[in-house]
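target-v2.txt follows (compact mmCIF, C-alpha atoms):
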```txt
# COMPACT_ATOMS: atom_id res chain seq x y z
CA MET A 16 0.00 0.00 0.00
CA GLN A 17 1.28 3.48 -0.86
CA ILE A 18 0.95 6.29 1.67
CA ASP A 19 1.46 9.84 0.39
CA LEU A 20 3.15 12.01 2.99
CA GLU A 21 4.41 15.12 1.18
CA GLN A 22 5.90 16.26 4.42
CA PRO A 23 9.03 18.39 4.84
CA ILE A 24 11.88 16.40 6.40
CA LEU A 25 12.51 19.27 8.79
CA ALA A 26 8.82 19.79 9.58
CA LYS A 27 9.39 19.73 13.36
CA ASN A 28 12.31 22.14 13.24
CA ASP A 29 10.46 24.46 10.86
CA ALA A 30 7.32 24.53 13.03
CA LEU A 31 9.34 25.42 16.12
CA ALA A 32 11.29 28.03 14.15
CA GLU A 33 8.00 29.63 13.18
CA GLU A 34 6.98 29.76 16.86
CA ASN A 35 10.31 31.42 17.68
CA ARG A 36 9.74 33.91 14.86
CA VAL A 37 6.30 34.87 16.19
CA LEU A 38 7.71 35.31 19.68
CA PHE A 39 10.60 37.50 18.44
CA ALA A 40 8.15 39.67 16.49
CA GLU A 41 5.86 40.04 19.52
CA LYS A 42 8.79 41.15 21.68
CA HIS A 43 10.34 43.36 18.96
CA VAL A 44 13.66 41.57 19.27
CA PHE A 45 15.89 41.36 16.20
CA VAL A 46 17.64 38.00 15.96
CA LEU A 47 20.76 37.57 13.84
CA ASN A 48 22.00 34.07 12.98
CA ILE A 49 25.77 34.19 12.43
CA LEU A 50 27.26 31.46 10.24
CA ALA A 51 30.97 30.85 9.63
CA SER A 52 33.88 28.41 9.90
CA PRO A 53 35.76 27.77 13.13
CA GLY A 54 38.41 30.44 13.52
CA SER A 55 36.86 32.96 11.14
CA GLY A 56 36.37 35.50 13.92
CA LYS A 57 32.72 35.00 14.88
CA THR A 58 33.28 35.84 18.53
CA SER A 59 35.56 38.81 17.71
CA THR A 60 32.94 40.11 15.30
CA ILE A 61 30.26 39.72 17.96
CA LEU A 62 32.40 41.60 20.50
CA ALA A 63 33.07 44.41 18.00
CA THR A 64 29.36 44.57 17.11
CA ILE A 65 28.41 44.78 20.78
CA GLU A 66 30.90 47.60 21.31
CA ALA A 67 29.45 49.53 18.36
CA LEU A 68 25.79 49.06 19.25
CA ARG A 69 25.54 48.72 23.04
CA ASP A 70 24.80 52.43 23.63
CA GLU A 71 21.67 52.25 21.51
CA PHE A 72 20.45 48.67 21.98
CA ASN A 73 20.13 46.04 24.69
CA ILE A 74 21.98 43.00 23.44
CA ALA A 75 22.26 39.31 24.39
CA VAL A 76 24.24 36.49 22.80
CA ILE A 77 23.42 32.82 22.33
CA GLU A 78 26.57 30.77 21.74
CA GLY A 79 26.40 27.43 19.97
CA ASP A 80 29.37 25.11 20.28
CA ILE A 81 29.83 21.39 20.23
CA ALA A 82 31.47 21.72 23.65
CA SER A 83 32.94 24.26 26.13
CA SER A 84 31.82 27.69 27.38
CA VAL A 85 34.95 29.56 26.28
CA ASP A 86 33.02 31.91 23.98
CA SER A 87 30.15 32.77 26.32
CA GLU A 88 32.65 33.65 29.05
CA LYS A 89 34.32 36.17 26.72
CA ILE A 90 30.93 37.79 26.11
CA LYS A 91 29.94 37.83 29.79
CA ALA A 92 33.25 39.51 30.62
CA GLN A 93 31.93 42.47 28.59
CA GLY A 94 28.85 42.70 30.82
CA ILE A 95 26.51 41.22 28.20
CA ALA A 96 24.03 38.39 28.87
CA ALA A 97 25.22 35.19 27.17
CA VAL A 98 23.73 31.72 27.03
CA GLN A 99 25.89 28.78 26.03
CA ILE A 100 24.34 25.91 24.11
CA ASN A 101 26.48 22.79 23.87
CA THR A 102 25.16 20.75 20.98
CA GLY A 103 27.01 17.65 22.19
CA GLY A 104 28.29 16.70 18.74
CA ALA A 105 25.55 18.12 16.55
CA CYS A 106 26.98 20.22 13.74
CA HIS A 107 24.39 23.03 13.85
CA LEU A 108 21.86 24.76 16.09
CA GLU A 109 18.20 23.69 15.88
CA SER A 110 15.13 25.68 16.82
CA ASN A 111 14.34 23.65 19.95
CA MET A 112 17.81 24.53 21.33
CA ILE A 113 17.10 28.23 20.76
CA ARG A 114 13.76 27.88 22.48
CA LYS A 115 15.44 26.47 25.61
CA ALA A 116 18.04 29.22 25.61
CA LEU A 117 15.28 31.85 25.45
CA ASP A 118 13.93 30.69 28.80
CA VAL A 119 16.86 32.32 30.57
CA LEU A 120 16.76 35.62 28.65
CA ASP A 121 14.44 38.54 29.40
CA LEU A 122 13.05 39.16 25.91
CA ASP A 123 11.07 42.22 27.05
CA ALA A 124 14.31 43.99 27.88
CA LEU A 125 16.17 43.06 24.68
CA ASP A 126 16.50 44.66 21.22
CA LEU A 127 19.04 42.33 19.64
CA ILE A 128 20.05 38.69 20.03
CA LEU A 129 23.23 37.56 18.29
CA LEU A 130 23.17 33.81 17.64
CA GLU A 131 26.62 32.36 17.11
CA ASN A 132 26.02 29.13 15.23
CA VAL A 133 28.39 26.14 15.38
CA GLY A 134 31.51 26.78 13.28
CA ASN A 135 30.64 25.02 10.04
CA LEU A 136 30.01 26.17 6.45
CA VAL A 137 27.61 23.35 5.59
CA CYS A 138 25.02 22.12 8.05
CA PRO A 139 23.62 25.29 9.68
CA THR A 140 22.51 26.45 6.22
CA ASP A 141 19.48 24.14 6.10
CA PHE A 142 18.14 24.86 9.59
CA ASP A 143 15.74 27.74 10.14
CA LEU A 144 15.89 29.00 13.73
CA GLY A 145 13.23 31.69 13.41
CA GLU A 146 15.85 34.44 13.03
CA ASN A 147 15.22 37.76 11.25
CA SER A 148 18.39 37.52 9.25
CA LYS A 149 21.38 35.29 8.51
CA VAL A 150 24.83 36.71 7.99
CA MET A 151 27.96 34.79 7.05
CA ILE A 152 31.54 35.64 7.90
CA LEU A 153 34.45 34.56 5.76
CA SER A 154 37.95 35.39 6.92
CA VAL A 155 40.76 36.15 4.48
CA PRO A 156 43.03 33.23 5.56
CA GLU A 157 40.30 30.76 4.54
CA GLY A 158 40.83 31.68 0.88
CA ASP A 159 38.90 33.38 -1.91
CA ASP A 160 37.59 30.09 -3.34
CA LYS A 161 35.13 29.35 -0.54
CA PRO A 162 32.02 30.61 -2.37
CA LEU A 163 32.77 28.00 -5.05
CA LYS A 164 33.14 25.23 -2.49
CA TYR A 165 30.28 26.15 -0.14
CA PRO A 166 27.69 27.91 -2.30
CA GLY A 167 24.75 27.22 0.01
CA ILE A 168 25.91 29.36 2.89
CA PHE A 169 26.65 32.34 0.62
CA GLN A 170 23.17 32.05 -0.83
CA VAL A 171 21.21 32.07 2.43
CA ALA A 172 23.15 35.03 3.86
CA GLU A 173 21.55 38.46 3.75
CA ALA A 174 25.01 40.01 4.12
CA VAL A 175 28.58 38.74 3.91
CA ILE A 176 31.36 39.96 6.20
CA LEU A 177 34.87 39.58 4.83
CA ASN A 178 36.88 39.52 8.06
CA LYS A 179 40.60 39.85 8.79
CA VAL A 180 41.15 42.15 5.76
CA ASP A 181 44.28 43.37 7.55
CA THR A 182 45.92 40.03 6.70
CA MET A 183 45.27 40.36 2.96
CA PRO A 184 48.93 41.06 2.02
CA VAL A 185 50.05 37.80 3.66
CA PHE A 186 47.47 35.41 2.21
CA ASN A 187 47.38 36.20 -1.49
CA PHE A 188 43.59 36.58 -1.35
CA ASN A 189 42.04 37.50 -4.70
CA GLU A 190 39.32 39.88 -3.59
CA GLU A 191 38.00 40.44 -7.09
CA ALA A 192 37.52 36.71 -7.68
CA PHE A 193 35.84 36.41 -4.28
CA THR A 194 33.48 39.33 -4.94
CA ASP A 195 32.58 37.99 -8.39
CA ALA A 196 31.79 34.53 -7.01
CA VAL A 197 29.60 35.98 -4.24
CA ARG A 198 27.81 38.23 -6.77
CA GLN A 199 27.00 35.19 -8.91
CA LEU A 200 25.53 33.33 -5.96
CA ASN A 201 23.84 36.18 -4.16
CA PRO A 202 23.73 39.45 -6.08
CA GLN A 203 21.76 41.30 -3.41
CA ALA A 204 24.00 40.72 -0.38
CA PRO A 205 26.29 43.57 0.65
CA ILE A 206 29.90 42.56 1.40
CA PHE A 207 31.39 44.30 4.43
CA ARG A 208 35.19 44.45 4.55
CA MET A 209 36.21 44.26 8.16
CA ALA A 210 38.97 43.56 10.65
CA ALA A 211 37.02 42.92 13.84
CA THR A 212 40.06 43.00 16.12
CA THR A 213 41.37 46.36 14.84
CA GLY A 214 37.94 47.93 14.36
CA GLU A 215 38.42 48.52 10.62
CA GLY A 216 35.08 48.53 8.77
CA VAL A 217 33.04 47.80 11.90
CA GLU A 218 31.09 51.05 11.72
CA GLU A 219 29.68 50.40 8.26
CA TRP A 220 28.56 46.91 9.25
CA ALA A 221 27.08 48.11 12.54
CA ASN A 222 25.15 50.87 10.75
CA TRP A 223 23.61 48.33 8.38
CA LEU A 224 22.56 46.14 11.30
CA ALA A 225 21.27 49.08 13.35
CA GLU A 226 18.96 50.08 10.47
CA LYS A 227 17.49 46.56 10.48
CA ILE A 228 16.94 46.60 14.24
CA ARG A 229 15.28 50.02 14.21
CA ALA A 230 12.96 48.89 11.43
CA ILE A 231 11.26 46.29 13.65
CA GLN A 232 11.02 48.39 16.82
CA MET B 24 33.43 10.50 5.02
CA HIS B 25 33.55 13.91 6.62
CA TYR B 26 32.32 13.81 10.19
CA THR B 27 30.06 16.86 10.10
CA LEU B 28 28.51 15.77 6.80
CA LEU B 29 27.57 12.41 8.20
CA MET B 30 26.25 14.08 11.35
CA HIS B 31 24.13 16.31 9.14
CA GLU B 32 22.54 13.47 7.19
CA LEU B 33 22.10 11.38 10.34
CA GLY B 34 20.12 14.27 11.80
CA LEU B 35 17.98 14.59 8.67
CA MET B 36 17.43 10.83 8.45
CA THR B 37 16.39 10.62 12.11
CA GLY B 38 13.58 13.03 11.21
CA VAL B 39 12.62 10.97 8.16
CA MET B 40 12.59 7.74 10.19
CA SER B 41 10.36 9.16 12.90
CA SER B 42 7.79 10.53 10.39
CA VAL B 43 7.84 7.33 8.32
CA THR B 44 7.52 5.07 11.36
CA GLU B 45 4.59 7.07 12.68
CA ALA B 46 2.78 7.00 9.33
CA ALA B 47 3.41 3.26 8.90
CA ARG B 48 2.17 2.39 12.40
CA ASN B 49 -0.93 4.55 11.96
CA ALA B 50 -1.72 2.57 8.82
CA GLY B 51 -1.23 -0.71 10.70
CA ALA B 52 1.75 -1.71 8.57
CA VAL B 53 4.16 -4.48 9.53
CA ARG B 54 6.93 -3.41 7.17
CA VAL B 55 8.02 -0.41 5.12
CA THR B 56 9.27 -1.50 1.69
CA ASP B 57 9.95 1.82 -0.07
CA ILE B 58 10.60 5.42 0.95
CA THR B 59 10.63 8.21 -1.63
CA LEU B 60 12.26 11.57 -0.87
CA SER B 61 12.72 14.73 -2.92
CA VAL B 62 15.95 16.58 -2.27
CA GLY B 63 16.88 19.81 -4.02
CA GLU B 64 20.40 20.35 -5.31
CA MET B 65 20.54 23.68 -3.47
CA THR B 66 20.40 21.97 -0.06
CA GLU B 67 23.39 20.61 1.81
CA ALA B 68 22.03 17.04 1.93
CA ILE B 69 24.06 14.51 -0.04
CA SER B 70 22.28 11.44 -1.44
CA ASP B 71 25.07 8.94 -0.69
CA ALA B 72 25.30 10.13 2.89
CA LEU B 73 21.51 9.98 3.28
CA GLU B 74 21.55 6.37 2.07
CA PHE B 75 24.35 5.44 4.44
CA ALA B 76 22.60 7.16 7.35
CA PHE B 77 19.39 5.32 6.45
CA GLU B 78 21.14 1.94 6.49
CA VAL B 79 22.58 2.64 9.91
CA LEU B 80 19.37 3.98 11.45
CA SER B 81 16.89 1.50 9.95
CA GLU B 82 18.60 -1.60 11.29
CA GLY B 83 16.23 -3.51 13.54
CA THR B 84 13.27 -1.21 12.79
CA ILE B 85 10.11 -1.50 10.72
CA CYS B 86 12.08 0.21 7.92
CA GLU B 87 14.93 -2.31 7.75
CA GLY B 88 15.56 -3.43 4.18
CA ALA B 89 13.33 -0.73 2.66
CA LYS B 90 14.44 0.82 -0.63
CA LEU B 91 15.28 4.50 -0.40
CA HIS B 92 14.45 6.45 -3.57
CA ILE B 93 15.81 9.97 -3.79
CA ASN B 94 14.47 12.34 -6.47
CA THR B 95 17.05 15.04 -7.05
CA ILE B 96 15.42 18.36 -7.89
CA ARG B 97 17.30 20.67 -10.24
CA PRO B 98 17.50 24.33 -9.24
CA LYS B 99 15.12 26.65 -11.07
CA SER B 100 14.68 30.42 -10.73
CA ARG B 101 12.36 33.15 -11.94
CA CYS B 102 13.75 36.48 -13.12
CA GLN B 103 12.21 39.44 -11.31
CA GLU B 104 12.87 41.64 -14.33
CA CYS B 105 11.78 39.72 -17.45
CA GLY B 106 9.82 36.93 -15.76
CA ALA B 107 11.74 34.12 -17.47
CA GLU B 108 11.89 30.76 -15.63
CA TYR B 109 15.10 28.81 -16.16
CA GLU B 110 17.07 25.88 -14.76
CA HIS B 111 20.62 26.51 -13.54
CA ASP B 112 23.43 24.99 -11.51
CA ARG B 113 24.26 25.77 -7.88
CA PHE B 114 26.59 28.61 -8.75
CA HIS B 115 24.93 30.76 -11.39
CA MET B 116 21.73 32.40 -10.29
CA THR B 117 21.59 35.32 -12.72
CA CYS B 118 18.86 35.28 -15.38
CA ALA B 119 19.79 33.02 -18.27
CA LYS B 120 17.74 35.18 -20.66
CA CYS B 121 18.44 38.83 -19.77
CA GLY B 122 21.34 38.59 -17.30
CA ASN B 123 19.49 40.39 -14.50
CA PRO B 124 20.91 39.44 -11.08
CA PHE B 125 17.64 39.84 -9.15
CA THR B 126 15.99 36.46 -9.27
CA GLU B 127 13.86 34.25 -7.08
CA LEU B 128 14.60 30.57 -6.48
CA ILE B 129 11.46 28.52 -7.20
CA ALA B 130 12.91 24.98 -7.02
CA GLY B 131 16.00 23.29 -5.62
CA LYS B 132 15.57 23.81 -1.87
CA GLU B 133 13.25 20.82 -1.34
CA MET B 134 13.78 18.33 1.47
CA GLN B 135 10.58 16.36 1.51
CA ILE B 136 9.24 12.88 2.25
CA ASP B 137 7.01 12.24 -0.78
CA SER B 138 5.54 8.83 -0.03
CA ILE B 139 6.14 5.39 1.47
CA GLU B 140 5.13 1.90 0.42
CA VAL B 141 4.15 -0.50 3.21
CA ASP B 142 3.10 -4.13 3.73
CA LEU B 143 0.01 -4.51 5.88
```
In structure tokens, write the structure found in this file.
Amino acid sequence: MQIDLEQPILAKNDALAEENRVLFAEKHVFVLNILASPGSGKTSTILATIEALRDEFNIAVIEGDIASSVDSEKIKAQGIAAVQINTGGACHLESNMIRKALDVLDLDALDLILLENVGNLVCPTDFDLGENSKVMILSVPEGDDKPLKYPGIFQVAEAVILNKVDTMPVFNFNEEAFTDAVRQLNPQAPIFRMAATTGEGVEEWANWLAEKIRAIQ
Amino acid sequence: MHYTLLMHELGLMTGVMSSVTEAARNAGAVRVTDITLSVGEMTEAISDALEFAFEVLSEGTICEGAKLHINTIRPKSRCQECGAEYEHDRFHMTCAKCGNPFTELIAGKEMQIDSIEVDL
């Protein structure tokens, strides 16, 4: 006997993501899902973003890692609420994990939640968490060919941050080839050149994000 | 096989197995013989890894020995300028007709359980 299901494989995740989305909208909290490789500077970018926006917005961070609380401790040291999710081996965050993390945050008092996804250019791409926007960070040492190898993540991102631009002279990074490849995959995404640890380019990125946050308040 | 890739497909297949098992039990089935999925080329799911994950997860379940059929869906977009609909690969989204970069993906992101075949 044939049974027709026509059911999304990620139906459960997607339904929970939708609930998260409704909750975020109700509370006027902007949620940014940050995707990147390990070592690309996700945490440094988050710290620089916090520094640039903390006068105007109340910010919290949800940190996803397979193990450890190294990242959330760095955030807490800056006086910002941070929740650590340890995925215990899973290669991405899922919407039920976000839901649990929300229990310990005061959504009424927040304007912005930065979600640091597990360092990975593949798996997080397919999982909706209910966020307002996805952004991906590529760092110069990773190489200009990454859009060709991991097209999916460049396509789901609303903006691309090219981080560690201060190391460009050392790594023989072909910025034109990189920009062309990103344009092919995602013509509408702005590319922000940045060096999170020196502060270069942070203002332009932070202004873009601030506009988005204000728009939902 | 790359660890995170396998983890990814294991996660996806766990979802498939739980939906399929529920549907089969509700129908009073004793065995699932076929499972048909549609997977778009613009997703990160890889057919070989899905099959391997299925073999591992189905062992000792109502799905053991079932045939997994995966329909691969080619990416297709619609141009927001000239309205043309065209197939493309993963890397080139711009309109095949007029070259406009502003396009909307209309196929290729599918990850769906289409149907199952069961023995009652």
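Between atom CA of A:Asn135 and atom CA of B:His115 there is a distance of 22.9 Å.
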*Specify as a ChimeraX atom specification all residues of chain A found within 8 Å of chain B, counting only C-alpha atoms.*
/A:16-25,105-106,137-138,140-141,163,166-167,199-203
*Spatial neighbours of A:Val46, max dist 7 Å, all atoms listed in the file, sep filter under 6 positions, as an MDAnalysis selection string*: chainID A and resid 127:129 146:148
*Selection: 8 Å around B:Lys99, all atoms listed in the file, excl. self and same-chain fewer than 4 positions, as a ChimeraX atom specification*: /B:108-111,128-131
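You can rank B:Cys102, B:Asp112, B:Glu127, B:Arg54 by their closest distance to B:Ala89 using all atoms listed in the file, and at the top of that list sits B:Arg54.
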_To one decimal place in Å, what is the distance between atom CA of A:Glu131 and atom CA of A:Glu41?_
22.3 Å
*Show which residues sit within 8 Å of A:Ile228, as a count of residues only. Count all atoms listed in the file, and ignore same-chain residues fewer than 5 positions away.*
4
*Just give me the residues with any atom within 12 Å of (38.1, 45.2, 9.7), file coordinates, counting only C-alpha atoms, written as a ChimeraX atom specification.*
/A:56,59-60,63-64,152-155,176-183,206-221
*Could you state the separation of atom CA of A:Gln170 and atom CA of A:Lys149 in Å, given to one decimal place?*
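Separating atom CA of A:Gln170 from atom CA of A:Lys149 is a distance of 10.0 Å.
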*B:Cys121, B:His92, B:Thr84, B:Ala72 ranked by distance to B:Gly106, top pick (using only C-alpha atoms)*: B:Cys121
